Amino acid sequence: MPKRGYHHGNLRQALIESALELITEKGPTGFTLSEAAKRAGVTPAAVYRHFEGREDLIAEAALQGYQIFADVMQYAYDSGQPSALAAFEATGRAYLAFARKYPGHYIAMFESGISVNRTPELAAVSARARNVFEKAAMDLSQHIPSDKRPPASMFSAHIWALSHGVVELYARNSPGTTSPFPPEDLLETGIGVYLRGLGLVPQDQ
C-alpha cells in the first residue's frame with residue numbers, strides 16, 4: 001500500500017483524513033489507531049509522532065470540522081443580508097447542509113464526547129461558530145423593546161438545538177426515525193413556529 005502523505009511530508013493530515021473516513025463508517029469509538037495508520041499507509045508507531053492517542057486524533061478532526069463549520073455559518077449569515085430574518089434562517093439551513101456534507105467532522109464534533117474545552121484552539125473556533133448564531137439572533141430581535149427582548153443567546157441556542165435535533169433524527173438515517181417530511185421542511189417550519197411564538201417575526205410572514 002502506498003504511504004499516502006508520508007512521503008510528501010503530510011502524514012498528520014493523512015491520518016486525520018483516515019480517521020474521518022473511519023469515524024463516518026464505524027463511529028468515533030469503532031476504530032483503532034492501528035486502523036487509521038493502516039488506512040493512511042504507515043505503521044502504527046508513526047501515528048505517535050503526531051498524536052498522543054485516538055482521542056487526540058479525533059479532537060484534531062473536530063477542530064478542523066469547527067473551522068469549516070464556522071466558515072459555513074458565516075457565509076450563510078452573510079448570504080442572508082440585508083434581511084435579518086433571511087440571515088437567521090440561513091444559519092439553520094447551513095447546520096443541516098454541513099452535517100450532510102461533512103459527516104465525519106460532524107460526528108467528531110458532536111457525537112464523540114470530545115469537549116470543546118479540550119484545547120484553547122477548539123474552544124475558540126467553536127465559540128466563533130456559536131457567535132454567528134447569536135449575531136443573527138441579535139439582529140432579528142432589534143425591533144423588540146429591550147425590556148421585552150429575549151436574550152439572543154437563549155433563542156439562538158434553541159434554534160441550534162432544533163437544528164441539531166432535525167439532523168440527528170431525520171437527516172442522518174437514524175434507524176426507526178423516518179419522517180413524511182423532508183428535513184429542510186421540518187427545520188424551516190419549526191424555526192417559523194418558534195420565531196412567531198416569540199414575536200420575533202410577524203404572524204403573516
# chains A, B, ... in the order shown; residues from 1 in each chain; ligands from 1
call {"tool": "residues_around", "arguments": {"residues": "region 11-21 of chain A", "least_positions_apart": "6", "cutoff": "8 Å", "atoms": "only C-alpha atoms", "output": "PyMOL selection string"}}
result
chain A and resi 4-5+36-37+39-40+47+50+57-58+60-61+104-105+108
call {"tool": "write_last_selection", "arguments": {"atoms": "all heavy atoms", "output": "compact mmCIF listing (two decimals), in the first residue's frame"}}
result
# COMPACT_ATOMS: atom_id res chain seq x y z
N ARG A 4 0.48 7.21 1.58
CA ARG A 4 -0.04 8.50 1.16
C ARG A 4 0.27 9.53 2.24
O ARG A 4 0.09 9.30 3.41
CB ARG A 4 -1.54 8.43 0.89
CG ARG A 4 -2.38 8.35 2.13
CD ARG A 4 -3.85 8.26 1.78
NE ARG A 4 -4.66 8.47 2.96
CZ ARG A 4 -5.92 8.12 3.07
NH1 ARG A 4 -6.51 7.53 2.06
NH2 ARG A 4 -6.60 8.36 4.16
N GLY A 5 0.75 10.66 1.82
CA GLY A 5 1.01 11.74 2.76
C GLY A 5 2.38 11.64 3.40
O GLY A 5 3.05 12.65 3.58
N ALA A 36 -6.36 3.42 11.62
CA ALA A 36 -6.14 4.72 10.99
C ALA A 36 -4.78 4.76 10.32
O ALA A 36 -4.64 5.28 9.20
CB ALA A 36 -6.25 5.83 12.03
N ALA A 37 -3.77 4.19 10.99
CA ALA A 37 -2.43 4.16 10.42
C ALA A 37 -2.40 3.31 9.15
O ALA A 37 -1.80 3.70 8.13
CB ALA A 37 -1.45 3.61 11.45
N ARG A 39 -4.83 2.65 7.11
CA ARG A 39 -5.53 3.31 6.01
C ARG A 39 -4.70 4.45 5.44
O ARG A 39 -4.78 4.76 4.24
CB ARG A 39 -6.90 3.83 6.49
CG ARG A 39 -7.74 4.36 5.35
CD ARG A 39 -9.20 4.50 5.71
NE ARG A 39 -9.83 3.22 5.97
CZ ARG A 39 -11.16 3.00 5.87
NH1 ARG A 39 -11.98 3.99 5.50
NH2 ARG A 39 -11.68 1.82 6.14
N ALA A 40 -3.90 5.09 6.29
CA ALA A 40 -3.02 6.16 5.81
C ALA A 40 -1.77 5.62 5.15
O ALA A 40 -1.02 6.37 4.52
CB ALA A 40 -2.64 7.07 6.98
N VAL A 47 1.97 7.05 13.97
CA VAL A 47 0.88 7.89 14.46
C VAL A 47 1.33 8.72 15.65
O VAL A 47 0.97 9.90 15.80
CB VAL A 47 -0.34 7.03 14.86
CG1 VAL A 47 -1.47 7.92 15.38
CG2 VAL A 47 -0.81 6.20 13.69
N HIS A 50 2.65 12.34 15.89
CA HIS A 50 1.75 13.49 15.77
C HIS A 50 0.62 13.51 16.78
O HIS A 50 0.11 14.59 17.11
CB HIS A 50 1.14 13.51 14.36
CG HIS A 50 2.16 13.62 13.27
ND1 HIS A 50 2.73 14.82 12.89
CD2 HIS A 50 2.74 12.66 12.49
CE1 HIS A 50 3.59 14.61 11.91
NE2 HIS A 50 3.62 13.31 11.65
N LEU A 57 -6.41 12.40 18.13
CA LEU A 57 -6.67 12.40 16.69
C LEU A 57 -8.09 12.86 16.39
O LEU A 57 -8.32 13.68 15.49
CB LEU A 57 -6.43 10.99 16.14
CG LEU A 57 -6.71 10.75 14.65
CD1 LEU A 57 -5.93 11.70 13.77
CD2 LEU A 57 -6.38 9.29 14.29
N ILE A 58 -9.06 12.37 17.15
CA ILE A 58 -10.45 12.77 16.94
C ILE A 58 -10.63 14.25 17.26
O ILE A 58 -11.37 14.97 16.57
CB ILE A 58 -11.40 11.91 17.80
CG1 ILE A 58 -11.36 10.46 17.33
CG2 ILE A 58 -12.83 12.44 17.72
CD1 ILE A 58 -12.13 9.50 18.22
N GLU A 60 -8.49 16.59 16.85
CA GLU A 60 -7.98 17.37 15.72
C GLU A 60 -8.98 17.36 14.56
O GLU A 60 -9.17 18.39 13.89
CB GLU A 60 -6.64 16.81 15.25
CG GLU A 60 -5.98 17.61 14.13
CD GLU A 60 -5.65 19.04 14.53
OE1 GLU A 60 -5.41 19.29 15.72
OE2 GLU A 60 -5.62 19.92 13.63
N ALA A 61 -9.64 16.23 14.34
CA ALA A 61 -10.69 16.17 13.32
C ALA A 61 -11.83 17.11 13.69
O ALA A 61 -12.39 17.80 12.82
CB ALA A 61 -11.20 14.74 13.18
N GLY A 104 -18.11 12.99 8.80
CA GLY A 104 -17.04 12.62 9.71
C GLY A 104 -16.70 13.74 10.67
O GLY A 104 -16.53 13.52 11.88
N HIS A 105 -16.60 14.94 10.16
CA HIS A 105 -16.35 16.10 11.01
C HIS A 105 -17.50 16.30 12.00
O HIS A 105 -17.26 16.56 13.19
CB HIS A 105 -16.20 17.37 10.17
CG HIS A 105 -14.95 17.41 9.35
ND1 HIS A 105 -14.91 17.04 8.02
CD2 HIS A 105 -13.69 17.79 9.67
CE1 HIS A 105 -13.69 17.20 7.57
NE2 HIS A 105 -12.92 17.65 8.53
N ALA A 108 -17.31 13.79 14.80
CA ALA A 108 -16.19 14.11 15.69
C ALA A 108 -16.53 15.30 16.58
O ALA A 108 -16.15 15.33 17.76
CB ALA A 108 -14.94 14.41 14.86
call {"tool": "residues_around", "arguments": {"residues": "Phe155 (chain A)", "least_positions_apart": "4", "cutoff": "10 Å", "atoms": "only C-alpha atoms", "output": "PyMOL selection string"}}
result
chain A and resi 133-134+137-138+141+150-151+159-161+194-195+198
call {"tool": "write_last_selection", "arguments": {"atoms": "N, CA, C and O atoms", "output": "CSV table (one decimal), in the first residue's frame"}}
result
chain,number,residue,atom,x,y,z
A,133,PHE,N,-24.4,32.4,15.1
A,133,PHE,CA,-25.8,32.2,15.5
A,133,PHE,C,-26.3,33.4,16.4
A,133,PHE,O,-27.4,33.9,16.1
A,134,GLU,N,-25.6,33.7,17.4
A,134,GLU,CA,-26.0,34.8,18.3
A,134,GLU,C,-26.1,36.1,17.6
A,134,GLU,O,-27.0,36.9,17.9
A,137,ALA,N,-29.3,36.1,15.7
A,137,ALA,CA,-30.4,36.3,16.6
A,137,ALA,C,-30.5,37.7,17.1
A,137,ALA,O,-31.6,38.3,17.2
A,138,MET,N,-29.4,38.3,17.4
A,138,MET,CA,-29.4,39.7,17.9
A,138,MET,C,-30.0,40.7,16.9
A,138,MET,O,-30.8,41.5,17.2
A,141,SER,N,-33.8,40.5,16.7
A,141,SER,CA,-34.6,40.9,17.8
A,141,SER,C,-34.5,42.4,18.0
A,141,SER,O,-35.1,42.9,19.0
A,150,PRO,N,-36.1,38.8,24.4
A,150,PRO,CA,-35.4,37.6,25.0
A,150,PRO,C,-33.9,37.6,24.6
A,150,PRO,O,-33.5,38.2,23.6
A,151,PRO,N,-33.1,37.1,25.5
A,151,PRO,CA,-31.7,37.1,25.3
A,151,PRO,C,-31.3,36.4,23.9
A,151,PRO,O,-31.9,35.3,23.7
A,159,ILE,N,-32.6,27.5,18.6
A,159,ILE,CA,-32.6,27.1,17.2
A,159,ILE,C,-31.4,26.2,16.9
A,159,ILE,O,-31.6,25.2,16.0
A,160,TRP,N,-30.3,26.3,17.5
A,160,TRP,CA,-29.2,25.4,17.4
A,160,TRP,C,-29.7,24.0,17.8
A,160,TRP,O,-29.5,23.0,17.1
A,161,ALA,N,-30.4,23.9,18.9
A,161,ALA,CA,-30.9,22.6,19.4
A,161,ALA,C,-31.9,22.0,18.4
A,161,ALA,O,-31.9,20.8,18.2
A,194,TYR,N,-41.4,28.8,16.0
A,194,TYR,CA,-40.7,29.3,17.2
A,194,TYR,C,-40.6,30.8,17.1
A,194,TYR,O,-40.8,31.5,18.1
A,195,LEU,N,-40.1,31.3,16.0
A,195,LEU,CA,-40.0,32.8,15.9
A,195,LEU,C,-41.3,33.5,16.1
A,195,LEU,O,-41.3,34.6,16.7
A,198,LEU,N,-42.3,33.7,19.7
A,198,LEU,CA,-41.5,34.7,20.5
A,198,LEU,C,-41.9,36.1,20.1
A,198,LEU,O,-41.5,37.1,20.7
call {"tool": "atom_distance", "arguments": {"atom1": "CA of Ile107 (chain A)", "atom2": "CA of Gln74 (chain A)"}}
result
20.7 Å
call {"tool": "residues_around", "arguments": {"residues": "region 75-92 of chain A", "least_positions_apart": "2", "cutoff": "6 Å", "atoms": "only C-alpha atoms", "output": "list in words"}}
result
Val72, Met73, Ala94, Tyr95, Ala136, Asp139 and Leu140 of chain A
call {"tool": "atom_distance", "arguments": {"atom1": "CA of Lys148 (chain A)", "atom2": "CA of Arg196 (chain A)"}}
result
14.6 Å
call {"tool": "closest_residue", "arguments": {"among": "A:Val166, A:Leu33, A:Ala152, A:Leu200", "to": "Ala45 (chain A)", "atoms": "only C-alpha atoms"}}
result
A:Leu33
call {"tool": "residues_around", "arguments": {"residues": "region 168-172 of chain A", "least_positions_apart": "4", "cutoff": "12 Å", "atoms": "only C-alpha atoms", "output": "PyMOL selection string"}}
result
chain A and resi 24+93+95-104+106-107+110-111+161-164+176-187
call {"tool": "atom_distance", "arguments": {"atom1": "CA of His158 (chain A)", "atom2": "CA of Val201 (chain A)"}}
result
15.8 Å
call {"tool": "residues_around", "arguments": {"residues": "Val116 (chain A)", "least_positions_apart": "2", "cutoff": "9 Å", "atoms": "only C-alpha atoms", "output": "list in words"}}
result
Ala59, Ala62, Leu63, Met109, Ile114, Arg118, Thr119, Pro120, Glu121, Leu122, Ala123, Ala124, Val125, Ser126 and Ala127 of chain A
